[in-house]
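Note: the block below is work.cif and it holds mmCIF, C-alpha atoms and all ligand atoms.
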```
data_my_file
#
loop_
_atom_site.group_PDB
_atom_site.id
_atom_site.type_symbol
_atom_site.label_atom_id
_atom_site.label_comp_id
_atom_site.auth_asym_id
_atom_site.auth_seq_id
_atom_site.Cartn_x
_atom_site.Cartn_y
_atom_site.Cartn_z
ATOM 1 C CA MET A 81 225.944 119.367 34.745
ATOM 2 C CA THR A 82 225.381 122.601 32.851
ATOM 3 C CA ASP A 83 223.669 125.346 34.778
ATOM 4 C CA ASP A 84 221.809 128.382 33.544
ATOM 5 C CA PRO A 85 222.245 131.772 35.163
ATOM 6 C CA ALA A 86 218.501 132.399 34.893
ATOM 7 C CA GLY A 87 218.002 129.719 37.534
ATOM 8 C CA ALA A 88 219.990 131.754 39.984
ATOM 9 C CA VAL A 89 217.205 134.319 40.178
ATOM 10 C CA GLY A 90 216.112 133.389 43.661
ATOM 11 C CA TYR A 91 214.857 135.210 46.712
ATOM 12 C CA PRO A 92 216.838 136.223 49.762
ATOM 13 C CA ALA A 93 216.345 134.141 52.907
ATOM 14 C CA GLY A 94 213.179 135.221 54.683
ATOM 15 C CA ARG A 95 211.453 136.152 51.442
ATOM 16 C CA ALA A 96 211.059 132.626 50.118
ATOM 17 C CA ARG A 97 207.742 132.388 48.302
ATOM 18 C CA LEU A 98 207.072 128.778 49.260
ATOM 19 C CA ALA A 99 208.382 128.804 52.833
ATOM 20 C CA GLY A 100 206.889 125.990 54.935
ATOM 21 C CA LYS A 101 205.303 124.240 51.962
ATOM 22 C CA VAL A 102 205.813 120.676 50.741
ATOM 23 C CA ALA A 103 205.943 120.030 46.998
ATOM 24 C CA VAL A 104 205.827 116.894 44.866
ATOM 25 C CA VAL A 105 207.317 117.088 41.353
ATOM 26 C CA THR A 106 206.593 114.205 38.988
ATOM 27 C CA GLY A 107 209.323 113.577 36.440
ATOM 28 C CA GLY A 108 211.622 115.590 38.687
ATOM 29 C CA GLY A 109 214.693 113.928 37.229
ATOM 30 C CA SER A 110 215.781 114.642 33.673
ATOM 31 C CA ARG A 111 216.103 112.179 30.831
ATOM 32 C CA ALA A 112 219.687 113.306 30.237
ATOM 33 C CA GLU A 113 222.378 115.573 31.617
ATOM 34 C CA GLY A 114 221.163 119.114 32.171
ATOM 35 C CA TYR A 115 217.960 120.689 33.391
ATOM 36 C CA GLY A 116 214.535 119.512 32.248
ATOM 37 C CA THR A 117 211.521 121.488 33.414
ATOM 38 C CA GLY A 118 210.851 119.016 36.251
ATOM 39 C CA ARG A 119 214.399 119.230 37.615
ATOM 40 C CA ALA A 120 214.443 123.036 37.321
ATOM 41 C CA ALA A 121 211.050 123.310 39.082
ATOM 42 C CA ALA A 122 212.220 121.041 41.916
ATOM 43 C CA VAL A 123 215.364 123.176 42.364
ATOM 44 C CA LEU A 124 213.434 126.464 42.323
ATOM 45 C CA PHE A 125 210.692 125.166 44.649
ATOM 46 C CA ALA A 126 213.429 124.240 47.134
ATOM 47 C CA ARG A 127 215.272 127.526 46.608
ATOM 48 C CA ASN A 128 212.006 129.244 47.495
ATOM 49 C CA GLY A 129 211.706 127.378 50.783
ATOM 50 C CA ALA A 130 209.660 124.272 49.917
ATOM 51 C CA ARG A 131 210.647 120.743 50.897
ATOM 52 C CA VAL A 132 210.494 118.713 47.697
ATOM 53 C CA LEU A 133 209.717 115.097 46.880
ATOM 54 C CA VAL A 134 211.438 114.424 43.562
ATOM 55 C CA VAL A 135 209.477 111.632 41.873
ATOM 56 C CA ASP A 136 210.875 109.729 38.918
ATOM 57 C CA ARG A 137 210.952 106.164 37.645
ATOM 58 C CA ASP A 138 214.681 106.691 37.050
ATOM 59 C CA ARG A 139 216.346 106.533 40.467
ATOM 60 C CA ALA A 140 219.659 108.058 39.326
ATOM 61 C CA ALA A 141 217.879 111.005 37.702
ATOM 62 C CA ALA A 142 215.806 111.709 40.826
ATOM 63 C CA GLU A 143 218.852 111.392 43.098
ATOM 64 C CA GLN A 144 220.815 113.776 40.903
ATOM 65 C CA THR A 145 218.100 116.418 41.341
ATOM 66 C CA VAL A 146 218.091 115.842 45.111
ATOM 67 C CA ALA A 147 221.892 116.252 45.188
ATOM 68 C CA LEU A 148 221.590 119.569 43.324
ATOM 69 C CA ILE A 149 218.997 120.775 45.840
ATOM 70 C CA GLU A 150 221.047 119.662 48.833
ATOM 71 C CA ASP A 151 224.206 121.293 47.419
ATOM 72 C CA ASP A 152 222.108 124.439 47.201
ATOM 73 C CA GLY A 153 221.141 124.195 50.895
ATOM 74 C CA GLY A 154 217.615 122.939 50.216
ATOM 75 C CA ILE A 155 215.617 119.958 51.505
ATOM 76 C CA ALA A 156 214.497 117.140 49.202
ATOM 77 C CA GLU A 157 214.018 113.389 48.957
ATOM 78 C CA ALA A 158 213.961 111.098 45.942
ATOM 79 C CA HIS A 159 210.987 108.816 45.384
ATOM 80 C CA VAL A 160 211.120 106.152 42.690
ATOM 81 C CA ALA A 161 207.740 105.429 41.098
ATOM 82 C CA ASP A 162 206.015 104.776 37.804
ATOM 83 C CA ILE A 163 203.189 107.263 38.033
ATOM 84 C CA THR A 164 201.109 105.543 35.361
ATOM 85 C CA VAL A 165 200.192 103.179 38.232
ATOM 86 C CA ALA A 166 197.510 104.336 40.702
ATOM 87 C CA ASP A 167 199.001 102.553 43.733
ATOM 88 C CA SER A 168 202.396 104.114 43.018
ATOM 89 C CA CYS A 169 200.804 107.572 43.015
ATOM 90 C CA GLN A 170 199.166 106.779 46.345
ATOM 91 C CA GLU A 171 202.548 105.765 47.822
ATOM 92 C CA MET A 172 204.078 108.948 46.399
ATOM 93 C CA ALA A 173 201.550 111.202 48.174
ATOM 94 C CA GLU A 174 201.842 109.196 51.394
ATOM 95 C CA HIS A 175 205.655 109.442 51.272
ATOM 96 C CA ALA A 176 205.480 113.255 51.210
ATOM 97 C CA VAL A 177 202.954 113.439 54.042
ATOM 98 C CA ARG A 178 204.750 110.798 56.138
ATOM 99 C CA THR A 179 208.066 112.647 55.742
ATOM 100 C CA TRP A 180 207.029 116.259 56.200
ATOM 101 C CA GLY A 181 203.503 116.085 57.639
ATOM 102 C CA ARG A 182 201.740 117.969 54.865
ATOM 103 C CA LEU A 183 201.336 118.434 51.123
ATOM 104 C CA ASP A 184 200.823 121.785 49.424
ATOM 105 C CA ILE A 185 202.004 121.596 45.821
ATOM 106 C CA LEU A 186 201.843 119.048 43.019
ATOM 107 C CA ASP A 187 203.749 119.758 39.793
ATOM 108 C CA ASN A 188 202.494 117.300 37.162
ATOM 109 C CA ASN A 189 205.499 117.555 34.870
ATOM 110 C CA VAL A 190 205.825 114.087 33.306
ATOM 111 C CA GLY A 191 205.303 114.060 29.563
ATOM 112 C CA VAL A 192 206.312 112.194 26.439
ATOM 113 C CA GLU A 193 206.388 113.130 22.749
ATOM 114 C CA GLY A 194 204.196 111.590 20.058
ATOM 115 C CA ALA A 195 204.663 112.400 16.375
ATOM 116 C CA GLY A 196 202.728 111.888 13.151
ATOM 117 C CA THR A 197 199.174 112.172 11.868
ATOM 118 C CA ILE A 198 196.343 109.773 12.697
ATOM 119 C CA LEU A 199 197.006 108.046 9.353
ATOM 120 C CA GLU A 200 200.517 107.239 10.524
ATOM 121 C CA ALA A 201 199.448 106.310 14.033
ATOM 122 C CA ASP A 202 200.915 103.468 15.997
ATOM 123 C CA TRP A 203 197.892 102.920 18.239
ATOM 124 C CA GLN A 204 199.905 101.415 21.040
ATOM 125 C CA GLN A 205 202.057 104.544 21.053
ATOM 126 C CA TRP A 206 198.852 106.640 20.900
ATOM 127 C CA ASP A 207 197.618 105.004 24.117
ATOM 128 C CA GLU A 208 201.000 105.515 25.772
ATOM 129 C CA VAL A 209 201.086 109.215 24.859
ATOM 130 C CA MET A 210 197.593 109.691 26.332
ATOM 131 C CA THR A 211 198.489 107.752 29.463
ATOM 132 C CA VAL A 212 201.817 109.432 30.175
ATOM 133 C CA ASN A 213 200.682 112.987 29.363
ATOM 134 C CA VAL A 214 197.098 112.939 30.638
ATOM 135 C CA LYS A 215 196.219 109.982 32.843
ATOM 136 C CA THR A 216 199.287 110.493 35.048
ATOM 137 C CA ILE A 217 197.940 113.946 35.929
ATOM 138 C CA ALA A 218 194.590 112.462 36.947
ATOM 139 C CA LEU A 219 196.229 109.636 38.905
ATOM 140 C CA ALA A 220 198.787 111.788 40.714
ATOM 141 C CA SER A 221 196.229 114.507 41.452
ATOM 142 C CA ALA A 222 193.624 112.030 42.733
ATOM 143 C CA ALA A 223 196.241 110.610 45.094
ATOM 144 C CA ALA A 224 197.390 114.055 46.259
ATOM 145 C CA LEU A 225 194.040 115.830 46.588
ATOM 146 C CA PRO A 226 192.929 114.259 49.895
ATOM 147 C CA TYR A 227 196.155 115.562 51.453
ATOM 148 C CA LEU A 228 196.535 118.896 49.656
ATOM 149 C CA SER A 229 196.368 121.857 51.971
ATOM 150 C CA ARG A 230 193.024 123.700 52.168
ATOM 151 C CA ASP A 231 195.135 126.777 52.741
ATOM 152 C CA GLY A 232 197.328 127.323 49.708
ATOM 153 C CA GLY A 233 197.056 123.931 47.976
ATOM 154 C CA ALA A 234 198.064 124.188 44.314
ATOM 155 C CA ILE A 235 198.468 121.915 41.322
ATOM 156 C CA VAL A 236 200.333 122.912 38.166
ATOM 157 C CA ASN A 237 200.037 120.800 35.032
ATOM 158 C CA ILE A 238 202.476 120.969 32.125
ATOM 159 C CA SER A 239 200.770 121.214 28.737
ATOM 160 C CA SER A 240 202.398 122.606 25.564
ATOM 161 C CA ILE A 241 201.677 125.235 22.936
ATOM 162 C CA SER A 242 201.358 122.201 20.646
ATOM 163 C CA ALA A 243 197.816 122.011 22.049
ATOM 164 C CA PHE A 244 196.816 125.131 20.108
ATOM 165 C CA ARG A 245 199.618 125.296 17.508
ATOM 166 C CA PRO A 246 199.553 121.800 15.931
ATOM 167 C CA ARG A 247 202.573 120.900 13.798
ATOM 168 C CA GLY A 248 202.483 117.238 12.877
ATOM 169 C CA LEU A 249 202.705 115.880 16.409
ATOM 170 C CA THR A 250 199.037 114.926 16.534
ATOM 171 C CA PRO A 251 199.053 112.428 19.438
ATOM 172 C CA TYR A 252 201.090 114.934 21.485
ATOM 173 C CA SER A 253 198.864 117.899 20.529
ATOM 174 C CA THR A 254 195.771 115.883 21.404
ATOM 175 C CA ALA A 255 197.148 114.835 24.771
ATOM 176 C CA LYS A 256 198.349 118.344 25.643
ATOM 177 C CA GLY A 257 194.918 119.730 24.658
ATOM 178 C CA ALA A 258 193.384 117.239 27.060
ATOM 179 C CA VAL A 259 195.758 118.508 29.764
ATOM 180 C CA ILE A 260 194.230 121.985 29.322
ATOM 181 C CA ALA A 261 190.661 120.632 29.510
ATOM 182 C CA LEU A 262 191.574 118.516 32.536
ATOM 183 C CA THR A 263 193.141 121.550 34.235
ATOM 184 C CA ARG A 264 190.003 123.634 33.754
ATOM 185 C CA ALA A 265 187.723 120.819 34.926
ATOM 186 C CA MET A 266 189.866 120.143 37.999
ATOM 187 C CA ALA A 267 189.997 123.872 38.790
ATOM 188 C CA VAL A 268 186.189 123.890 39.020
ATOM 189 C CA ASP A 269 185.870 120.496 40.716
ATOM 190 C CA HIS A 270 188.330 121.257 43.521
ATOM 191 C CA ALA A 271 187.815 124.966 44.045
ATOM 192 C CA GLY A 272 185.469 124.075 46.901
ATOM 193 C CA SER A 273 188.436 122.442 48.633
ATOM 194 C CA ARG A 274 190.402 125.658 48.041
ATOM 195 C CA VAL A 275 192.872 123.861 45.784
ATOM 196 C CA ARG A 276 193.946 125.882 42.744
ATOM 197 C CA VAL A 277 194.721 124.090 39.486
ATOM 198 C CA ASN A 278 196.630 125.845 36.716
ATOM 199 C CA CYS A 279 198.518 124.890 33.615
ATOM 200 C CA ILE A 280 201.681 126.011 31.836
ATOM 201 C CA ALA A 281 201.980 125.691 28.069
ATOM 202 C CA PRO A 282 205.695 125.818 27.248
ATOM 203 C CA GLY A 283 206.882 126.735 23.778
ATOM 204 C CA PRO A 284 210.189 125.547 22.289
ATOM 205 C CA ILE A 285 212.301 125.106 25.400
ATOM 206 C CA TYR A 286 215.915 123.933 25.118
ATOM 207 C CA THR A 287 215.874 120.945 27.494
ATOM 208 C CA PRO A 288 217.171 117.361 27.455
ATOM 209 C CA MET A 289 213.720 116.312 26.183
ATOM 210 C CA VAL A 290 214.489 118.024 22.882
ATOM 211 C CA TYR A 291 218.310 117.885 22.680
ATOM 212 C CA ALA A 292 219.049 114.449 24.187
ATOM 213 C CA ALA A 293 218.410 112.704 20.872
ATOM 214 C CA GLY A 294 220.484 115.306 19.036
ATOM 215 C CA MET A 295 219.542 118.739 17.718
ATOM 216 C CA SER A 296 221.453 120.515 14.983
ATOM 217 C CA PRO A 297 222.588 124.102 15.583
ATOM 218 C CA GLU A 298 220.315 125.107 12.669
ATOM 219 C CA VAL A 299 217.200 123.660 14.292
ATOM 220 C CA ARG A 300 218.146 125.192 17.630
ATOM 221 C CA GLU A 301 218.568 128.555 15.956
ATOM 222 C CA ARG A 302 215.209 128.203 14.141
ATOM 223 C CA ARG A 303 213.502 127.479 17.465
ATOM 224 C CA ARG A 304 215.129 130.552 19.006
ATOM 225 C CA ARG A 305 214.069 132.773 16.108
ATOM 226 C CA ALA A 306 210.463 131.560 16.355
ATOM 227 C CA SER A 307 210.151 133.849 19.374
ATOM 228 C CA PRO A 308 209.424 137.493 18.559
ATOM 229 C CA LEU A 309 211.694 138.250 21.519
ATOM 230 C CA GLY A 310 214.492 136.388 19.729
ATOM 231 C CA ILE A 311 215.569 134.541 22.876
ATOM 232 C CA GLU A 312 215.752 130.843 23.673
ATOM 233 C CA GLY A 313 213.472 129.373 26.328
ATOM 234 C CA THR A 314 215.072 127.371 29.123
ATOM 235 C CA ALA A 315 213.709 125.029 31.774
ATOM 236 C CA TRP A 316 214.126 127.881 34.261
ATOM 237 C CA ASP A 317 211.553 129.977 32.422
ATOM 238 C CA VAL A 318 208.970 127.237 32.947
ATOM 239 C CA ALA A 319 210.096 126.666 36.532
ATOM 240 C CA HIS A 320 209.749 130.332 37.518
ATOM 241 C CA ALA A 321 206.177 130.284 36.189
ATOM 242 C CA ALA A 322 205.468 127.138 38.235
ATOM 243 C CA VAL A 323 206.819 128.809 41.398
ATOM 244 C CA PHE A 324 204.524 131.785 40.852
ATOM 245 C CA LEU A 325 201.413 129.700 40.088
ATOM 246 C CA CYS A 326 202.025 127.559 43.194
ATOM 247 C CA SER A 327 202.748 130.516 45.488
ATOM 248 C CA ASP A 328 200.199 132.367 47.582
ATOM 249 C CA GLU A 329 200.775 135.375 45.309
ATOM 250 C CA ALA A 330 198.588 133.472 42.802
ATOM 251 C CA ARG A 331 195.799 132.848 45.360
ATOM 252 C CA TYR A 332 193.137 134.354 43.051
ATOM 253 C CA ILE A 333 194.307 132.487 39.942
ATOM 254 C CA THR A 334 192.881 129.121 38.987
ATOM 255 C CA GLY A 335 192.090 127.314 35.736
ATOM 256 C CA VAL A 336 194.460 129.411 33.623
ATOM 257 C CA VAL A 337 196.686 128.287 30.780
ATOM 258 C CA LEU A 338 199.905 130.302 30.908
ATOM 259 C CA PRO A 339 201.985 130.124 27.732
ATOM 260 C CA VAL A 340 205.708 130.311 28.503
ATOM 261 C CA ASP A 341 206.847 130.594 24.926
ATOM 262 C CA GLY A 342 208.568 133.930 24.281
ATOM 263 C CA GLY A 343 205.513 134.914 22.232
ATOM 264 C CA VAL A 344 205.910 132.052 19.730
ATOM 265 C CA SER A 345 202.176 131.296 19.775
ATOM 266 C CA LEU A 346 201.332 134.911 18.879
ATOM 267 C CA ARG A 347 202.528 134.411 15.330
ATOM 268 C CA SER A 348 200.675 132.707 12.519
ATOM 269 C CA PRO A 349 201.951 129.177 11.808
ATOM 270 C CA GLU A 350 203.162 129.962 8.247
ATOM 271 C CA ARG A 351 205.611 132.599 9.437
HETATM 272 N N1 LIG A 401 211.108 121.008 26.121
HETATM 273 C C1 LIG A 401 210.123 121.504 25.411
HETATM 274 O O1 LIG A 401 210.348 122.126 24.365
HETATM 275 C C2 LIG A 401 208.704 121.317 25.881
HETATM 276 C C3 LIG A 401 207.717 122.044 25.242
HETATM 277 C C4 LIG A 401 206.416 121.912 25.651
HETATM 278 C C5 LIG A 401 206.107 121.076 26.708
HETATM 279 N N2 LIG A 401 207.061 120.364 27.320
HETATM 280 C C6 LIG A 401 206.648 119.499 28.423
HETATM 281 O O2 LIG A 401 207.489 119.704 29.526
HETATM 282 C C7 LIG A 401 207.615 118.474 30.222
HETATM 283 C C8 LIG A 401 209.073 118.072 30.071
HETATM 284 O O3 LIG A 401 209.557 117.766 31.241
HETATM 285 P P1 LIG A 401 211.126 117.555 31.432
HETATM 286 O O4 LIG A 401 211.873 118.616 30.695
HETATM 287 O O5 LIG A 401 211.328 117.442 32.866
HETATM 288 O O6 LIG A 401 211.328 116.169 30.614
HETATM 289 P P2 LIG A 401 212.393 115.003 30.742
HETATM 290 O O7 LIG A 401 211.978 113.993 29.727
HETATM 291 O O8 LIG A 401 213.794 115.506 30.741
HETATM 292 O O9 LIG A 401 212.140 114.447 32.200
HETATM 293 C C9 LIG A 401 210.991 113.756 32.493
HETATM 294 C C10 LIG A 401 211.293 112.760 33.561
HETATM 295 O O10 LIG A 401 210.077 112.029 33.743
HETATM 296 C C11 LIG A 401 210.415 110.702 34.013
HETATM 297 N N3 LIG A 401 209.267 109.868 33.694
HETATM 298 C C12 LIG A 401 208.766 109.585 32.470
HETATM 299 N N4 LIG A 401 207.712 108.768 32.586
HETATM 300 C C13 LIG A 401 207.542 108.525 33.917
HETATM 301 C C14 LIG A 401 206.632 107.756 34.662
HETATM 302 N N5 LIG A 401 205.668 107.049 34.075
HETATM 303 N N6 LIG A 401 206.728 107.740 35.998
HETATM 304 C C15 LIG A 401 207.701 108.455 36.622
HETATM 305 N N7 LIG A 401 208.606 109.207 35.959
HETATM 306 C C16 LIG A 401 208.523 109.236 34.622
HETATM 307 C C17 LIG A 401 211.639 110.401 33.175
HETATM 308 O O11 LIG A 401 212.413 109.357 33.738
HETATM 309 C C18 LIG A 401 212.385 111.748 33.178
HETATM 310 O O12 LIG A 401 213.421 111.776 34.138
HETATM 311 C C19 LIG A 401 206.732 117.454 29.545
HETATM 312 O O13 LIG A 401 205.439 117.415 30.071
HETATM 313 C C20 LIG A 401 206.727 118.020 28.127
HETATM 314 O O14 LIG A 401 205.669 117.524 27.368
HETATM 315 C C21 LIG A 401 208.374 120.470 26.932
#
```
Would it be possible to restate this file's structure as structure tokens?
Amino acid sequence: MTDDPAGAVGYPAGRARLAGKVAVVTGGGSRAEGYGTGRAAAVLFARNGARVLVVDRDRAAAEQTVALIEDDGGIAEAHVADITVADSCQEMAEHAVRTWGRLDILDNNVGVEGAGTILEADWQQWDEVMTVNVKTIALASAAALPYLSRDGGAIVNISSISAFRPRGLTPYSTAKGAVIALTRAMAVDHAGSRVRVNCIAPGPIYTPMVYAAGMSPEVRERRRRASPLGIEGTAWDVAHAAVFLCSDEARYITGVVLPVDGGVSLRSPER
């Protein structure tokens, strides 16, 4: 398991930002060795004092994240579920509440790629991309909302800069655009329940999602150079943003789309 020193940026005991809270992270495993954004968020939520339900359809991946949290002195449980299924989302929320008596945070991290134009579309894949990226957020959130704390309840949804910087991944861009619209609608719909709903739009992040199938050093370097800062994004960058958005420090922030992209989306596409 490769670690990243950026993930070690934690908070001393007693200053944990999420102390006393219970968090659910969907897709909290990783598709391959290393840290995806779900695994990194689960680790940082726990490092900041939250008890974490790590939800994944891949048992081994979820258990690996739990082991990392426990090795780190944190508290977590694995929950195996396919969150495209409404009943499974219900069981997921009930598991967290049954185990720890409350629910404060939902990180809707699950996502899947989808390439090509509409002329090249495989319509079955199109439906799957919409379901996995968008409908899972609605299903998991609908299951969690009745339990989410009226005092500090927070949802964070993972979109992508592909939503506003399309680049030939049209089903993915469409789905991630819908994640932004869904975030803003949910922020309004559930503000009365004092639940905040925000969204992170990661840029090119070096995670198993992008390197598991193989990535040449040239492509990796091109992704790094796309950032005006000239640095490579890691899962920890996304996870730190999720910790902030789900903490009480963000109590006056709802409905925002926070790019975590090293400034990539500031540049014109032809650059
Ligand atoms: N890496 C990047 O460059 C980048 C950029 C923009 C956005 N994103 C987004 O970040 C998120 C990536 O998350 P990650 O790094 O944790 O990805 P990952 O693929 O490593 O992990 C996702 C986990 O979700 C699980 N999963 C998939 N479908 C599921 C389902 N139906 N039910 C339960 N579990 C399921 C998988 O088993 C896997 O363990 C996605 O939403 C992705 O679109 C990534």
- CA of Ala96 (chain A) and CA of Phe125 (chain A) are how many Å apart?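 About the pair CA of Ala96 (chain A) and CA of Phe125 (chain A): they are 9.3 Å apart.
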- Mind checking which residues fall within 10 Å of Ala120 (chain A), counting all atoms listed in the file, ignoring those fewer than 6 positions away in the same chain, and posting them as a list in words? Asp83, Asp84, Gly87, Gly108, Gly109, Ser110, Gly114, Ala126, Thr145, Leu148, Ile149, Thr314, Ala315, Trp316, Asp317, Val318, Ala319, His320 and Ala322 of chain A
- From A:Ala224, A:Leu249, A:Ile238, A:Met210, residue lying nearest ligand LIG 401 (chain A) [only C-alpha atoms and all ligand atoms]: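 Distance minimum relative to ligand LIG 401 (chain A) lands on A:Ile238.
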Contact table chain A vs ligand LIG 401 (chain A), cut-off 7 Å, shortest pair per residue, all atoms listed in the file, as JSON lines:
```
{"residue": "A:Thr106", "atom": "CA", "partner": "A:LIG401", "partner_atom": "N7", "distance": 6.2}
{"residue": "A:Gly107", "atom": "CA", "partner": "A:LIG401", "partner_atom": "O10", "distance": 3.2}
{"residue": "A:Gly108", "atom": "CA", "partner": "A:LIG401", "partner_atom": "C10", "distance": 5.9}
{"residue": "A:Gly109", "atom": "CA", "partner": "A:LIG401", "partner_atom": "O12", "distance": 4.0}
{"residue": "A:Ser110", "atom": "CA", "partner": "A:LIG401", "partner_atom": "O8", "distance": 3.6}
{"residue": "A:Arg111", "atom": "CA", "partner": "A:LIG401", "partner_atom": "O8", "distance": 4.1}
{"residue": "A:Ala112", "atom": "CA", "partner": "A:LIG401", "partner_atom": "O8", "distance": 6.3}
{"residue": "A:Tyr115", "atom": "CA", "partner": "A:LIG401", "partner_atom": "O4", "distance": 7.0}
{"residue": "A:Gly116", "atom": "CA", "partner": "A:LIG401", "partner_atom": "O4", "distance": 3.2}
{"residue": "A:Thr117", "atom": "CA", "partner": "A:LIG401", "partner_atom": "O4", "distance": 4.0}
{"residue": "A:Gly118", "atom": "CA", "partner": "A:LIG401", "partner_atom": "O5", "distance": 3.8}
{"residue": "A:Arg119", "atom": "CA", "partner": "A:LIG401", "partner_atom": "O5", "distance": 5.9}
{"residue": "A:Val135", "atom": "CA", "partner": "A:LIG401", "partner_atom": "C15", "distance": 6.4}
{"residue": "A:Asp136", "atom": "CA", "partner": "A:LIG401", "partner_atom": "N7", "distance": 3.8}
{"residue": "A:Arg137", "atom": "CA", "partner": "A:LIG401", "partner_atom": "C15", "distance": 4.1}
{"residue": "A:Asp138", "atom": "CA", "partner": "A:LIG401", "partner_atom": "O11", "distance": 4.8}
{"residue": "A:Ala141", "atom": "CA", "partner": "A:LIG401", "partner_atom": "O12", "distance": 5.8}
{"residue": "A:Ala161", "atom": "CA", "partner": "A:LIG401", "partner_atom": "C15", "distance": 5.4}
{"residue": "A:Asp162", "atom": "CA", "partner": "A:LIG401", "partner_atom": "N6", "distance": 3.5}
{"residue": "A:Ile163", "atom": "CA", "partner": "A:LIG401", "partner_atom": "N6", "distance": 4.1}
{"residue": "A:Thr164", "atom": "CA", "partner": "A:LIG401", "partner_atom": "N5", "distance": 5.0}
{"residue": "A:Asn189", "atom": "CA", "partner": "A:LIG401", "partner_atom": "O13", "distance": 4.8}
{"residue": "A:Val190", "atom": "CA", "partner": "A:LIG401", "partner_atom": "O13", "distance": 4.7}
{"residue": "A:Gly191", "atom": "CA", "partner": "A:LIG401", "partner_atom": "O13", "distance": 3.4}
{"residue": "A:Val192", "atom": "CA", "partner": "A:LIG401", "partner_atom": "O14", "distance": 5.4}
{"residue": "A:Glu193", "atom": "CA", "partner": "A:LIG401", "partner_atom": "O14", "distance": 6.4}
{"residue": "A:Val212", "atom": "CA", "partner": "A:LIG401", "partner_atom": "N5", "distance": 6.0}
{"residue": "A:Asn213", "atom": "CA", "partner": "A:LIG401", "partner_atom": "O13", "distance": 6.5}
{"residue": "A:Ile238", "atom": "CA", "partner": "A:LIG401", "partner_atom": "O13", "distance": 5.1}
{"residue": "A:Ser239", "atom": "CA", "partner": "A:LIG401", "partner_atom": "C5", "distance": 5.7}
{"residue": "A:Ser240", "atom": "CA", "partner": "A:LIG401", "partner_atom": "C4", "distance": 4.1}
{"residue": "A:Ile241", "atom": "CA", "partner": "A:LIG401", "partner_atom": "C4", "distance": 6.4}
{"residue": "A:Ala281", "atom": "CA", "partner": "A:LIG401", "partner_atom": "C4", "distance": 6.3}
{"residue": "A:Pro282", "atom": "CA", "partner": "A:LIG401", "partner_atom": "C4", "distance": 4.3}
{"residue": "A:Gly283", "atom": "CA", "partner": "A:LIG401", "partner_atom": "C3", "distance": 5.0}
{"residue": "A:Pro284", "atom": "CA", "partner": "A:LIG401", "partner_atom": "O1", "distance": 4.0}
{"residue": "A:Ile285", "atom": "CA", "partner": "A:LIG401", "partner_atom": "O1", "distance": 3.7}
{"residue": "A:Tyr286", "atom": "CA", "partner": "A:LIG401", "partner_atom": "N1", "distance": 5.7}
{"residue": "A:Thr287", "atom": "CA", "partner": "A:LIG401", "partner_atom": "N1", "distance": 5.0}
{"residue": "A:Pro288", "atom": "CA", "partner": "A:LIG401", "partner_atom": "O8", "distance": 5.1}
{"residue": "A:Met289", "atom": "CA", "partner": "A:LIG401", "partner_atom": "O7", "distance": 4.6}
{"residue": "A:Val290", "atom": "CA", "partner": "A:LIG401", "partner_atom": "N1", "distance": 5.6}
{"residue": "A:Ala315", "atom": "CA", "partner": "A:LIG401", "partner_atom": "O4", "distance": 6.8}
```
- Expand the PyMOL selection byres (((chain A and resi 254) around 10) and not hetatm) into the individual residues it matches in the shown file, reporting them as a PyMOL selection string. chain A and resi 194+206+209-210+213-214+242-244+246+249-253+255-259
- Task: Please identify all polymer residues within 6 Å of region 234-236 of chain A, counting all atoms listed in the file, omitting same-chain residues fewer than 4 positions from it, and present them as a VMD selection string.
- Result: chain A and resid 185 to 187 275 to 279 326
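Taking CA of Glu329 (chain A) and CA of Pro226 (chain A) as the two end points, the separation is 23.0 Å.
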- Atom pair CA of Ala140 (chain A) / CA of Ala156 (chain A): separation (Å): 14.4 Å
- Task: Please provide as an NGL selection string all residues within 12 Å of Glu174 (chain A), with the sequence filter that same-chain residues fewer than 3 positions apart are discarded (counting all atoms listed in the file).
- Result: :A and (104 or 133 or 159 or 167-171 or 177-183 or 220 or 223-228)
Export of the given selection (C-alpha atoms) as an mmCIF file, in the coordinates of the input:
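Output saved as part22.cif:
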```cif
data_model
loop_
_atom_site.group_PDB
_atom_site.id
_atom_site.type_symbol
_atom_site.label_atom_id
_atom_site.label_comp_id
_atom_site.auth_asym_id
_atom_site.auth_seq_id
_atom_site.Cartn_x
_atom_site.Cartn_y
_atom_site.Cartn_z
ATOM 1 C CA VAL A 104 205.827 116.894 44.866
ATOM 2 C CA LEU A 133 209.717 115.097 46.880
ATOM 3 C CA HIS A 159 210.987 108.816 45.384
ATOM 4 C CA ASP A 167 199.001 102.553 43.733
ATOM 5 C CA SER A 168 202.396 104.114 43.018
ATOM 6 C CA CYS A 169 200.804 107.572 43.015
ATOM 7 C CA GLN A 170 199.166 106.779 46.345
ATOM 8 C CA GLU A 171 202.548 105.765 47.822
ATOM 9 C CA VAL A 177 202.954 113.439 54.042
ATOM 10 C CA ARG A 178 204.750 110.798 56.138
ATOM 11 C CA THR A 179 208.066 112.647 55.742
ATOM 12 C CA TRP A 180 207.029 116.259 56.200
ATOM 13 C CA GLY A 181 203.503 116.085 57.639
ATOM 14 C CA ARG A 182 201.740 117.969 54.865
ATOM 15 C CA LEU A 183 201.336 118.434 51.123
ATOM 16 C CA ALA A 220 198.787 111.788 40.714
ATOM 17 C CA ALA A 223 196.241 110.610 45.094
ATOM 18 C CA ALA A 224 197.390 114.055 46.259
ATOM 19 C CA LEU A 225 194.040 115.830 46.588
ATOM 20 C CA PRO A 226 192.929 114.259 49.895
ATOM 21 C CA TYR A 227 196.155 115.562 51.453
ATOM 22 C CA LEU A 228 196.535 118.896 49.656
#
```
- Task: Kindly indicate which residue among A:Ile333, A:Met266, A:Met172, A:Ala130 lies nearest to Val160 (chain A), using only C-alpha atoms for the distances.
- Result: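 Checking each candidate against Val160 (chain A), we get A:Met172 as the closest.
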